[in-house]
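structure_37.txt follows; it contains compact mmCIF, C-alpha atoms.
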# COMPACT_ATOMS: atom_id res chain seq x y z
CA GLN A 1 0.00 0.00 0.00
CA LYS A 2 1.30 3.44 -0.91
CA GLU A 3 1.77 5.98 1.83
CA VAL A 4 -0.37 8.49 -0.05
CA GLU A 5 -3.10 7.77 -2.58
CA GLN A 6 -4.39 10.32 -5.04
CA ASP A 7 -6.67 9.91 -8.04
CA PRO A 8 -4.55 10.89 -11.05
CA GLY A 9 -7.53 12.05 -13.07
CA PRO A 10 -7.48 13.67 -15.55
CA LEU A 11 -10.21 16.00 -14.39
CA SER A 12 -11.89 18.47 -16.75
CA VAL A 13 -14.30 21.12 -15.53
CA PRO A 14 -15.91 24.21 -17.08
CA GLU A 15 -14.72 27.63 -16.02
CA GLY A 16 -16.39 28.77 -12.81
CA ALA A 17 -16.95 25.27 -11.45
CA ILE A 18 -16.00 24.15 -7.96
CA VAL A 19 -13.17 21.63 -8.05
CA SER A 20 -12.61 19.02 -5.37
CA LEU A 21 -9.27 17.23 -5.15
CA ASN A 22 -8.59 14.54 -2.58
CA CYS A 23 -5.92 12.35 -1.06
CA THR A 24 -5.94 9.54 1.43
CA TYR A 25 -3.01 8.35 3.49
CA SER A 26 -2.09 5.47 5.72
CA ASN A 27 0.44 6.86 8.21
CA SER A 28 -1.34 8.26 11.26
CA ALA A 29 1.87 10.05 12.28
CA PHE A 30 1.52 12.58 9.45
CA GLN A 31 0.90 16.03 10.89
CA TYR A 32 1.76 18.45 8.11
CA PHE A 33 -0.24 18.55 4.90
CA MET A 34 0.47 20.53 1.78
CA TRP A 35 -0.99 21.06 -1.64
CA TYR A 36 1.31 21.92 -4.50
CA ARG A 37 0.49 23.09 -8.00
CA GLN A 38 2.77 22.04 -10.83
CA TYR A 39 2.61 23.44 -14.33
CA SER A 40 4.03 21.40 -17.16
CA ARG A 41 7.83 21.11 -17.02
CA LYS A 42 8.06 23.28 -13.92
CA GLY A 43 8.79 22.60 -10.28
CA PRO A 44 5.92 22.35 -7.79
CA GLU A 45 4.82 25.53 -6.04
CA LEU A 46 3.23 25.56 -2.62
CA LEU A 47 -0.47 26.43 -2.57
CA MET A 48 -1.67 25.53 0.89
CA TYR A 49 -0.05 24.35 4.10
CA THR A 50 -2.04 22.89 6.99
CA TYR A 51 -1.03 21.52 10.33
CA SER A 52 -3.15 18.72 11.85
CA SER A 53 -6.91 18.63 11.32
CA GLY A 54 -9.11 21.49 10.26
CA ASN A 55 -9.80 23.89 7.43
CA LYS A 56 -7.72 26.64 5.93
CA GLU A 57 -8.88 29.15 3.38
CA ASP A 58 -6.84 31.34 1.07
CA GLY A 59 -8.75 33.22 -1.58
CA ARG A 60 -10.44 30.72 -3.88
CA PHE A 61 -8.64 27.78 -2.28
CA THR A 62 -9.73 25.82 0.80
CA ALA A 63 -7.76 22.96 2.30
CA GLN A 64 -9.40 20.46 4.63
CA VAL A 65 -7.76 17.80 6.76
CA ASP A 66 -9.63 14.99 8.50
CA LYS A 67 -7.06 13.05 10.45
CA SER A 68 -9.63 10.62 11.83
CA SER A 69 -10.38 9.47 8.29
CA LYS A 70 -6.84 10.07 7.01
CA TYR A 71 -8.34 12.17 4.24
CA ILE A 72 -7.41 15.58 2.91
CA SER A 73 -9.09 17.78 0.32
CA LEU A 74 -8.43 20.88 -1.71
CA PHE A 75 -11.37 22.89 -3.02
CA ILE A 76 -11.03 25.48 -5.76
CA ARG A 77 -13.94 27.87 -6.14
CA ASP A 78 -14.71 29.78 -9.33
CA SER A 79 -12.11 27.80 -11.22
CA GLN A 80 -10.18 29.61 -13.95
CA PRO A 81 -8.35 28.34 -17.04
CA SER A 82 -5.13 29.45 -15.33
CA ASP A 83 -5.83 26.84 -12.64
CA SER A 84 -5.15 24.13 -15.23
CA ALA A 85 -2.20 22.22 -13.81
CA THR A 86 -1.30 19.11 -11.88
CA TYR A 87 -2.12 19.27 -8.18
CA LEU A 88 -0.02 17.24 -5.78
CA CYS A 89 -0.80 16.53 -2.17
CA ALA A 90 2.15 16.04 0.16
CA MET A 91 2.57 15.31 3.83
CA ASN A 92 4.96 14.23 6.56
CA GLN A 93 5.48 13.93 10.28
CA GLY A 94 7.34 17.21 10.52
CA GLY A 95 10.92 18.03 11.35
CA ALA A 96 13.41 17.71 8.53
CA ASN A 97 11.70 14.67 7.11
CA ASN A 98 11.06 14.15 3.46
CA LEU A 99 7.62 14.81 2.01
CA PHE A 100 5.44 11.95 0.85
CA PHE A 101 3.65 12.85 -2.36
CA GLY A 102 0.50 11.70 -4.04
CA THR A 103 0.67 10.88 -7.74
CA GLY A 104 -0.92 14.22 -8.63
CA THR A 105 -4.26 15.04 -10.26
CA ARG A 106 -4.19 16.68 -13.64
CA LEU A 107 -6.84 19.40 -13.84
CA THR A 108 -8.05 21.19 -16.95
CA VAL A 109 -10.43 24.14 -16.66
CA ILE A 110 -12.21 24.71 -19.93
CA PRO A 111 -13.05 28.33 -20.87
CA GLY B 1 9.20 34.17 -0.32
CA ALA B 2 11.98 31.61 -0.43
CA VAL B 3 13.52 30.92 -3.84
CA VAL B 4 15.53 27.96 -5.06
CA SER B 5 17.34 28.47 -8.33
CA GLN B 6 17.94 25.31 -10.33
CA HIS B 7 20.17 25.14 -13.41
CA PRO B 8 20.19 24.17 -16.14
CA SER B 9 16.48 24.03 -16.93
CA TRP B 10 17.14 21.59 -19.71
CA VAL B 11 20.15 19.71 -21.03
CA ILE B 12 20.84 17.26 -23.80
CA CYS B 13 23.93 15.10 -23.53
CA LYS B 14 25.49 12.17 -25.26
CA SER B 15 25.37 8.72 -23.73
CA GLY B 16 28.38 8.10 -21.50
CA THR B 17 28.95 11.70 -20.50
CA SER B 18 28.26 13.30 -17.11
CA VAL B 19 25.86 16.09 -16.33
CA LYS B 20 25.83 18.38 -13.30
CA ILE B 21 22.67 20.01 -11.99
CA GLU B 22 22.87 22.84 -9.47
CA CYS B 23 20.41 24.06 -6.91
CA ARG B 24 20.96 27.26 -4.97
CA SER B 25 18.86 28.72 -2.21
CA LEU B 26 18.91 32.44 -2.92
CA ASP B 27 17.57 34.05 0.22
CA PHE B 28 17.76 31.44 2.94
CA GLN B 29 20.05 28.73 4.23
CA ALA B 30 19.04 25.27 3.11
CA THR B 31 19.91 22.87 5.89
CA THR B 32 18.55 19.93 3.94
CA MET B 33 18.19 19.37 0.21
CA PHE B 34 16.06 16.70 -1.43
CA TRP B 35 16.55 15.45 -4.96
CA TYR B 36 13.62 14.01 -6.88
CA ARG B 37 13.08 12.39 -10.20
CA GLN B 38 9.79 12.67 -12.04
CA PHE B 39 8.63 10.63 -15.00
CA PRO B 40 5.91 11.93 -17.34
CA LYS B 41 2.50 12.07 -15.68
CA GLN B 42 3.88 10.59 -12.49
CA SER B 43 4.61 11.98 -9.08
CA LEU B 44 7.96 12.90 -7.59
CA MET B 45 10.20 10.03 -6.62
CA LEU B 46 12.70 10.84 -3.89
CA MET B 47 16.22 9.92 -4.90
CA ALA B 48 18.30 11.21 -1.99
CA THR B 49 18.45 13.56 0.96
CA SER B 50 21.51 15.64 1.70
CA ASN B 51 22.49 17.72 4.68
CA GLU B 52 25.15 20.37 4.43
CA GLY B 53 28.60 18.99 5.12
CA SER B 54 27.63 15.34 5.29
CA LYS B 55 27.11 12.47 2.88
CA ALA B 56 23.80 12.13 1.15
CA THR B 57 21.31 9.44 2.13
CA TYR B 58 20.07 7.58 -0.91
CA GLU B 59 16.72 5.88 -1.28
CA GLN B 60 16.59 2.18 -1.96
CA GLY B 61 17.30 1.37 -5.57
CA VAL B 62 19.14 4.62 -6.33
CA GLU B 63 22.76 4.09 -7.32
CA LYS B 64 24.92 6.42 -5.26
CA ASP B 65 27.87 6.04 -7.64
CA LYS B 66 25.74 7.07 -10.56
CA PHE B 67 23.93 9.98 -8.94
CA LEU B 68 26.57 11.93 -7.04
CA ILE B 69 25.25 14.53 -4.63
CA ASN B 70 27.34 17.24 -3.06
CA HIS B 71 25.97 19.67 -0.48
CA ALA B 72 29.08 21.69 0.23
CA SER B 73 27.42 24.80 1.59
CA LEU B 74 24.13 25.92 3.08
CA THR B 75 23.13 27.49 -0.22
CA LEU B 76 24.34 25.04 -2.85
CA SER B 77 23.71 21.40 -3.64
CA THR B 78 24.65 19.61 -6.85
CA LEU B 79 23.52 16.39 -8.48
CA THR B 80 25.88 14.84 -11.02
CA VAL B 81 24.54 12.12 -13.27
CA THR B 82 27.64 10.14 -14.20
CA SER B 83 27.98 8.10 -17.38
CA ALA B 84 24.46 9.01 -18.36
CA HIS B 85 22.38 6.64 -20.46
CA PRO B 86 19.06 7.13 -22.25
CA GLU B 87 17.18 5.51 -19.36
CA ASP B 88 18.43 8.36 -17.14
CA SER B 89 16.41 10.80 -19.22
CA SER B 90 13.91 12.36 -16.86
CA PHE B 91 12.85 15.51 -15.05
CA TYR B 92 15.01 16.15 -11.97
CA ILE B 93 13.82 18.50 -9.23
CA CYS B 94 15.50 19.70 -6.07
CA SER B 95 13.79 20.87 -2.92
CA ALA B 96 15.32 22.80 -0.07
CA ARG B 97 14.28 22.54 3.54
CA GLY B 98 14.37 25.92 5.12
CA GLY B 99 12.95 29.35 4.58
CA ARG B 100 9.53 30.58 5.57
CA ASP B 101 7.64 28.19 3.27
CA GLY B 102 9.23 25.08 4.74
CA TYR B 103 9.96 23.24 1.52
CA THR B 104 10.84 25.17 -1.61
CA PHE B 105 11.25 23.52 -4.98
CA GLY B 106 13.52 24.38 -7.85
CA SER B 107 12.06 24.77 -11.33
CA GLY B 108 13.38 21.41 -12.46
CA THR B 109 15.89 20.17 -15.03
CA ARG B 110 14.82 18.17 -18.05
CA LEU B 111 17.63 15.78 -18.95
CA THR B 112 17.66 14.06 -22.31
CA VAL B 113 20.41 11.54 -22.99
CA VAL B 114 20.89 10.67 -26.64
Mind turning this structure into structure tokens?
Amino acid sequence: QKEVEQDPGPLSVPEGAIVSLNCTYSNSAFQYFMWYRQYSRKGPELLMYTYSSGNKEDGRFTAQVDKSSKYISLFIRDSQPSDSATYLCAMNQGGANNLFFGTGTRLTVIP
Amino acid sequence: GAVVSQHPSWVICKSGTSVKIECRSLDFQATTMFWYRQFPKQSLMLMATSNEGSKATYEQGVEKDKFLINHASLTLSTLTVTSAHPEDSSFYICSARGGRDGYTFGSGTRLTVV
């Protein structure tokens, strides 16, 4: 079983739609949860960073963590064509430990 | 925010030659650097972790003699692909631990071995 599972998609939505991206994980020691956005042939860029359970909102983006279910989500409201990218979830126990990544979900927002 | 500069962004080399990829943290000290490899439409695969001034720790299945990592200072880490072969063609990305954002990624290097 992989440490982190993520549906690779691809996912296509019309402009303005609400997008829901999800990951599940198996290691209950994970405390730090991130969402990265990666454009083609570029390095990942940090979108959201959450510690432990709860919600965090930043503009059109909302990150949710449910540690009891080992399930995290990223919601994108009013999606834009510029949101078209691959979204990677990542997590770890903290400290200087490496991040464990999901496979990434490829999102296309159609104008 | 924190910035990691990775060079070159792309390189084409002949089979059997060596290629060096550099990652520099521009505005913070990177205590730990991670090197990843990414195949098309796949996630990042950790190759090795390096701490400044010490030997890198390689993940299982990664040949340390083929992928040489040097982390000589708190702002510079290099990955050298030695005697490259076509199967080494991939997208290589570094990540630095440190700075306000926690983990900062370079922009990646696309290596093509012909």
May I ask you to extract the residues of chain B within 8 Å of chain A, using all atoms listed in the file, and to give them as a list in words?
-> Thr32, Phe34, Gln42, Ser43, Leu44, Thr49, Phe91, Ile93, Arg97, Asp101, Thr104, Phe105, Gly106, Ser107, Gly108 and Arg110 of chain B
Between A:Lys2, A:Pro10, A:Leu21, A:Asn27, single out the one closest to Gln93 in chain A, counting all atoms listed in the file.
->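 The closest residue to Gln93 in chain A is A:Asn27.
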So, counting only C-alpha atoms, which residue among A:Val65, A:Leu107, A:Leu47, A:Ile76 is closest to Ile18 in chain A?
-> A:Ile76
Pick out the closest residue to Thr82 in chain B from this set: B:Leu26, B:Leu111, B:Met33, B:Val19. Count all atoms listed in the file.
->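 Using all atoms listed in the file, Thr82 in chain B sits closest to B:Val19.
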Go through A:Ile72, A:Cys23, A:Ala29, A:Ala85 one by one, measure the shortest atom-to-atom distance of each to Lys41 in chain B using only C-alpha atoms, and give the residue with the smallest value.
->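 Once distances to Lys41 in chain B are computed over only C-alpha atoms, the minimum belongs to A:Ala85.
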Using CA of Ser90 in chain B and CA of Thr112 in chain B as the two end points, give the distance in Å to one decimal.
->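 Going from CA of Ser90 in chain B over to CA of Thr112 in chain B, I get 6.8 Å.
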So what do you get for CA of Ala30 in chain B versus CA of Gln6 in chain B, distance-wise?
-> 13.5 Å
Counting all atoms listed in the file, the option among B:Phe28, B:Phe67, B:Trp35, B:Tyr58 closest to Tyr92 in chain B =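 Between B:Phe28, B:Phe67, B:Trp35, B:Tyr58, the residue approaching Tyr92 in chain B most closely is B:Trp35.
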Selection near Thr78 in chain B, 7 Å with all atoms listed in the file, sequence-local residues under 5 positions removed, as a PyMOL selection string | chain B and resi 20-23+69-71
Could you work out how far CA of Gly98 in chain B lies from CA of Gln29 in chain B, giving the answer in Å with one decimal?
->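 Between CA of Gln29 in chain B and CA of Gly98 in chain B the gap works out to 6.4 Å.
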Residue contacts of His85 in chain B (7 Å, only C-alpha atoms) excluding same-chain residues fewer than 5 positions away, as a list in words = Ser15, Gly16 and Val113 of chain B
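Residues in contact with range 62-65 of chain B at 12 Å, where all atoms listed in the file are counted and same-chain residues fewer than 2 positions away are skipped, are listed as Ser18, Trp35, Tyr36, Arg37, Met45, Leu46, Met47, Ala48, Thr49, Lys55, Ala56, Thr57, Tyr58, Glu59, Gln60, Phe67, Leu68, Ile69, Asn70, Leu79, Thr80, Val81, Thr82, Ser83, Ala84 and Asp88 of chain B.
For the set B:Cys13, B:Val114, B:Val4, B:Cys94, the residue with the smallest atom-to-atom gap to Thr75 in chain B is B:Val4, counting all atoms listed in the file.
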Output range 62-82 of chain B from the block with C-alpha atoms, as a PDB file, in the first residue's frame?
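Now in out20.pdb:
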ATOM      1  CA  VAL B  62      19.135   4.617  -6.331  1.00  0.00           C
ATOM      2  CA  GLU B  63      22.760   4.091  -7.325  1.00  0.00           C
ATOM      3  CA  LYS B  64      24.922   6.422  -5.264  1.00  0.00           C
ATOM      4  CA  ASP B  65      27.873   6.041  -7.639  1.00  0.00           C
ATOM      5  CA  LYS B  66      25.735   7.073 -10.561  1.00  0.00           C
ATOM      6  CA  PHE B  67      23.930   9.980  -8.939  1.00  0.00           C
ATOM      7  CA  LEU B  68      26.570  11.935  -7.037  1.00  0.00           C
ATOM      8  CA  ILE B  69      25.250  14.530  -4.634  1.00  0.00           C
ATOM      9  CA  ASN B  70      27.337  17.242  -3.060  1.00  0.00           C
ATOM     10  CA  HIS B  71      25.974  19.666  -0.485  1.00  0.00           C
ATOM     11  CA  ALA B  72      29.084  21.687   0.230  1.00  0.00           C
ATOM     12  CA  SER B  73      27.416  24.800   1.587  1.00  0.00           C
ATOM     13  CA  LEU B  74      24.131  25.921   3.080  1.00  0.00           C
ATOM     14  CA  THR B  75      23.127  27.487  -0.217  1.00  0.00           C
ATOM     15  CA  LEU B  76      24.342  25.039  -2.846  1.00  0.00           C
ATOM     16  CA  SER B  77      23.706  21.403  -3.642  1.00  0.00           C
ATOM     17  CA  THR B  78      24.646  19.608  -6.847  1.00  0.00           C
ATOM     18  CA  LEU B  79      23.523  16.388  -8.480  1.00  0.00           C
ATOM     19  CA  THR B  80      25.880  14.838 -11.015  1.00  0.00           C
ATOM     20  CA  VAL B  81      24.544  12.119 -13.267  1.00  0.00           C
ATOM     21  CA  THR B  82      27.637  10.144 -14.197  1.00  0.00           C
TER      22      THR B  82
END
